[in-house]
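Peer 1: The structure follows.
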2 protein chains.
Amino acid sequence: MTSSLHHRAIENLGTRIISGELPAGHVMLAEHLEDELKVSRSVIREAVRVLQSLGLVETTKRVGIRVLPASRWNPFDPQVIRWRLASDARGAQLRSLAELRAAVEPAAAELAAQNAPAPLRLELVDVAYAMRDAGHNGEVPRFLELDIQFHSLLLSGSGNEMFANLMGQVAETLTGRTVHGLMPDHPHEAALQWHVDLAEAIARGDAASARETSDRIMRRTMSRMSDTWTEQPRVFIPVRR
Amino acid sequence: MTSSLHHRAIENLGTRIISGELPAGHVMLAEHLEDELKVSRSVIREAVRVLQSLGLVETTKRVGIRVLPASRWNPFDPQVIRWRLASDARGAQLRSLAELRAAVEPAAAELAAQNAPAPLRLELVDVAYAMRDAGHNGEVPRFLELDIQFHSLLLSGSGNEMFANLMGQVAETLTGRTVHGLMPDHPHEAALQWHVDLAEAIARGDAASARETSDRIMRRTMSRMSDTWTEQPRVFIPVRR
DNA sequence: TGACACCGATGTGTGCAGACATCAAAACTC
DNA sequence: GAGTTTTGATGTCTGCACACATCGGTGTCA
């Protein structure tokens with residue numbers, strides 16, 4: 001199913017647009033795409049509709065299918081994020097996600113302390129202790145898994161569906177970090193304790209402490225990652241009026 | 001263009017799914033939708049493909065088009081947000097957006113102070129003073145317009161395309177606030193000055209001050225809005241493993 | 001002669017109808 | 001109950017008619 005013709009057409013065009021191979025303003029003809037991808041019109045048409053809804057292209061009669069500039073792309077769409085992570089802009093995408101995460105997690109921690117269901121709070125505490133153990137023992141893969149689970153639970157516990165939806169993308173940044181060898185074999189001792197403190201603050205409903213502790217974790221994470229992407233150029237999206 | 005059959009089909013199905021009229025698990029047949037909406041198969045298929053990419057439905061052979069639970073919807077998609085704002089969940093959606101905004105804006109302010117291009121900083125200061133004047137004179141519509149412009153510039157100036165993309169949604173929360181008569185004729189005097197302080201902190205590159213001032217503005221905004229939606233139920237998205 | 005408004009030709013997406021292919025659920029056989 | 005066949009829905013392909021934005025030619029007027 002994931003390899004349906006329609007899906008492959010989306011993947012093909014999406015990656016090529018986001019990689020810059022098909023630059024903004026480039027105009028394609030549906031007929032030409034049929035020949036190139038060796039698929040029928042219906043497949044092309046359905047793919048173009050989806051790309052249109054992602055803001056990657058627009059269609060105009062008598063003109064064709066025009067590639068839109070990056071400022072029109074939907075930067076929150078999981079597919080767009082995936083395509084950007086696979087492009088030259090990978091560094092910039094990781095930085096954007098990390099900045100978003102750093103902004104959101106302390107707020108999510110505060111909300112979780114106020115609203116999270118009891119079982120989730122307990123699980124959060126369990127995972128935090130398991131994380132600390134795995135960290136002490138240098139079990140890197142298990143630590144990564146628990147780390148993702150911890151932050152997923154935290155975002156989910158906020159009761160804000162937008163925060164919760166960032167889970168998937170957060171997982172990307174965390175795995176991306178280890179893959180790039182940015183994680184030491186033994187995670188920072190203090191950071192491990194901070195996770196435990198955060199979980200317990202949420203468990204006892206201490207919103208202010210939860211926010212502050214989460215903020216401390218995020219600041220440390222950001223400071224450790226920032227030097228990786230300082231050379232990434234920033235793109236300023238113009239204000240649409 | 002916006003009233004193409006395919007677009008109308010998306011709108012029809014999208015609103016009905018998000019309103020709950022078509023509940024999660026409900027199965028439709030493409031053929032049935034053709035009859036109901038009086039359009040051809042290609043229109044239905046293209047619409048379903050878009051809804052599929054938004055996580056609203058999935059298609060299975062031999063079964064049909066199945067409506068997915070809200071936990072699968074893409075909560076950052078502008079269309080989904082618009083449909084939720086038009087549904088019973090309007091309050092919950094406004095709260096989610098406000099919480100997101102409250103989390104992001106201080107981070108955006110900090111980044112803007114570090115990275116924003118010089119012309120944008122100047123414009124931000126101009127707009128802040130214009131806001132203060134409009135607020136003093138009780139020009140509510142003009143104040144709202146400037147308020148949106150101010151926060152759009154701020155998010156745009158962060159150089160984070162995800163932050164910048166929140167502009168449109170932020171505008172929704174701000175306009176939604178005035179439409180609901182939650183705005184006094186004369187905005188809070190201190191808040192007006194805070195906007196000026198924030199703009200000037202960004203202009204001189206004082207990141208810490210910018211973040212703190214923005215945080216103060218957000219906290220006040222949240223505290224003024226929170227009592228409107230305390231009765232809205234929170235939805236906890238389960239963690240996908 | 002030159003500038004301008006008009007108007008039809010052209011090419012492209014949009015929508016329609018029907019056919020066959022594919023494949024997974026459901027029914028059936030042993 | 002395991003394996004096989006049937007069935008019915010989506011997936012894919014194709015030919016056609018239509019809508020309509022763009023472009024170039026034609027005619028009118030100054």
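Residues in the structure tokens are numbered from 1 in each chain, the chains being A, B, ... in the order shown, and ligands are numbered from 1 in the order shown.
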Near C:DA3, counting only C-alpha atoms (C1' of nucleotides), which residues have an atom at most 12 Å away, once you skip same-chain residues fewer than 4 positions from it, shown as a list in words?

Peer 2: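 Surrounding residues, per the criterion: DT28, DC29 and DA30 of chain D.
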
Peer 1: Enumerate as a compact mmCIF listing (two decimals) with N, CA and C atoms, in the first residue's frame the residues belonging to chain A that approach chain C to within 10 Å, with only C-alpha atoms (C1' of nucleotides) taken into account.

Peer 2:
# COMPACT_ATOMS: atom_id res chain seq x y z
N LEU A 29 4.05 19.90 -16.88
CA LEU A 29 2.77 19.54 -17.50
C LEU A 29 2.39 18.14 -17.05
N ALA A 30 1.11 17.99 -16.75
CA ALA A 30 0.63 16.69 -16.30
C ALA A 30 1.01 15.61 -17.31
N GLU A 31 0.86 15.93 -18.58
CA GLU A 31 1.16 14.95 -19.62
C GLU A 31 2.63 14.54 -19.57
N ARG A 45 -2.79 12.96 -11.31
CA ARG A 45 -3.75 13.95 -10.81
C ARG A 45 -3.94 13.83 -9.31
N THR A 59 -1.86 24.65 -9.38
CA THR A 59 -2.19 24.35 -10.78
C THR A 59 -2.96 25.53 -11.37
N THR A 60 -2.64 25.85 -12.59
CA THR A 60 -3.34 26.93 -13.29
C THR A 60 -3.67 26.45 -14.70
N LYS A 61 -4.88 26.68 -15.08
CA LYS A 61 -5.27 26.30 -16.42
C LYS A 61 -4.45 27.07 -17.44
N ARG A 62 -4.16 26.36 -18.49
CA ARG A 62 -3.43 26.93 -19.61
C ARG A 62 -1.94 27.13 -19.27
N VAL A 63 -1.54 26.90 -18.03
CA VAL A 63 -0.15 27.08 -17.64
C VAL A 63 0.48 25.74 -17.27
N GLY A 64 -0.11 25.08 -16.31
CA GLY A 64 0.43 23.80 -15.87
C GLY A 64 0.53 23.72 -14.37
N ILE A 65 1.46 22.91 -13.90
CA ILE A 65 1.64 22.67 -12.48
C ILE A 65 2.91 23.41 -12.06

Peer 1: As a list of chain:residue names, list the residues of stretch 2-241 of chain B assigned to strand (DSSP E or B) by DSSP on the backbone atoms of this structure.

Peer 2: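 In stretch 2-241 of chain B, DSSP puts these residues in strand (DSSP E or B): B:Val27, B:Met28, B:Val57, B:Glu58, B:Thr59, B:Thr60, B:Gly64, B:Ile65, B:Arg66, B:Val67.
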
Peer 1: Taking only C-alpha atoms (C1' of nucleotides) into account, report as a ChimeraX atom specification which residues of chain D lie within 7 Å of chain A.

Peer 2: /D:13,21-22

Peer 1: Store the residues picked out above in a file with N, CA, C and O atoms (P, O5', C5', C4', C3', O3' and C1' of nucleotides), as an mmCIF file, in the first residue's frame.

Peer 2:
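File result-v1.cif, as written:
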data_model
loop_
_atom_site.group_PDB
_atom_site.id
_atom_site.type_symbol
_atom_site.label_atom_id
_atom_site.label_comp_id
_atom_site.auth_asym_id
_atom_site.auth_seq_id
_atom_site.Cartn_x
_atom_site.Cartn_y
_atom_site.Cartn_z
ATOM 1 P P DC D 13 -1.298 3.239 -14.253
ATOM 2 O "O5'" DC D 13 -2.317 3.164 -15.468
ATOM 3 C "C5'" DC D 13 -2.569 1.903 -16.090
ATOM 4 C "C4'" DC D 13 -3.683 2.046 -17.121
ATOM 5 C "C3'" DC D 13 -3.490 3.207 -18.107
ATOM 6 O "O3'" DC D 13 -3.300 2.681 -19.405
ATOM 7 C "C1'" DC D 13 -5.742 3.068 -17.305
ATOM 8 P P DA D 21 -10.473 32.169 -16.256
ATOM 9 O "O5'" DA D 21 -8.916 32.508 -16.273
ATOM 10 C "C5'" DA D 21 -8.002 31.543 -15.775
ATOM 11 C "C4'" DA D 21 -6.800 31.449 -16.699
ATOM 12 C "C3'" DA D 21 -6.150 32.791 -17.038
ATOM 13 O "O3'" DA D 21 -4.742 32.627 -16.992
ATOM 14 C "C1'" DA D 21 -6.760 31.672 -19.042
ATOM 15 P P DT D 22 -3.758 33.924 -17.018
ATOM 16 O "O5'" DT D 22 -3.153 33.871 -18.496
ATOM 17 C "C5'" DT D 22 -2.446 32.701 -18.907
ATOM 18 C "C4'" DT D 22 -2.266 32.725 -20.408
ATOM 19 C "C3'" DT D 22 -1.652 34.010 -20.970
ATOM 20 O "O3'" DT D 22 -0.368 33.682 -21.485
ATOM 21 C "C1'" DT D 22 -3.453 33.221 -22.314
#

Peer 1: Using backbone DSSP assignments, extract all helix (DSSP H, G or I) residues from stretch 94-205 of chain B; output them as a PyMOL selection string.

Peer 2: chain B and resi 94-115+118-136+140-157+161-165+167-179+189-203

Peer 1: Write out as CSV a residue-level contact list of chain B versus chain A with cut-off 6 Å: for each qualifying residue the closest pair of atoms and the distance in Å to one decimal, counting only C-alpha atoms, rows sorted by chain and residue number upward.

Peer 2:
residue,atom,partner,partner_atom,distance
B:Glu46,CA,A:Glu46,CA,5.0
B:Val50,CA,A:Val50,CA,5.1
B:Pro75,CA,A:Met162,CA,5.6
B:Ser96,CA,A:Asn160,CA,5.8
B:Ala103,CA,A:Val104,CA,5.4
B:Val104,CA,A:Ala103,CA,5.4
B:Ala107,CA,A:Ala103,CA,5.8
B:Ser156,CA,A:Ile237,CA,5.8
B:Gly159,CA,A:Phe236,CA,4.8
B:Asn160,CA,A:Ser96,CA,5.7
B:Met162,CA,A:Pro75,CA,5.6
B:Arg234,CA,A:Gly159,CA,5.5
B:Val235,CA,A:Gly159,CA,5.5
B:Phe236,CA,A:Gly159,CA,4.8
B:Ile237,CA,A:Ser156,CA,5.8

Peer 1: In terms of the shortest atom-to-atom distance over only C-alpha atoms, which of A:Ile10, A:Arg211, A:Arg220, A:Leu68 is closest to A:Pro23?

Peer 2: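 Using only C-alpha atoms, A:Pro23 sits closest to A:Leu68.
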
Peer 1: At what distance in Å, to one decimal, does atom CA of B:Ile202 lie from atom CA of B:Ala112?

Peer 2: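 So the answer is 6.4 Å.
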
Peer 1: Atom CA of B:Ser209 and atom CA of B:Tyr129, how far apart in Å?

Peer 2: 18.2 Å

Peer 1: I'd like the neighbourhood of B:Leu146 as a list in words, where a residue qualifies if any of its atoms comes within 12 Å (using only C-alpha atoms (C1' of nucleotides)), though same-chain residues fewer than 4 positions away should be ignored.

Peer 2: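 Answer for this query is Arg241 of chain A; Glu123, Leu124, Val125, Asp126, Val127, Ala128, Tyr129, Ala130, Met131, Arg132, Asp133, Ala134, Gly135, Glu139, Val140, Pro141, Arg142, Phe150, His151, Ser152, Leu153, Ala171, Leu174, Thr175, Leu192 and His195 of chain B.
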
Peer 1: Go ahead and compute the interatomic distance for atom CA of A:Leu37 and atom CA of A:Asn12, in Å to one decimal.

Peer 2: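 Taking atom CA of A:Leu37 as the start and atom CA of A:Asn12 as the end point, the length is 8.8 Å.
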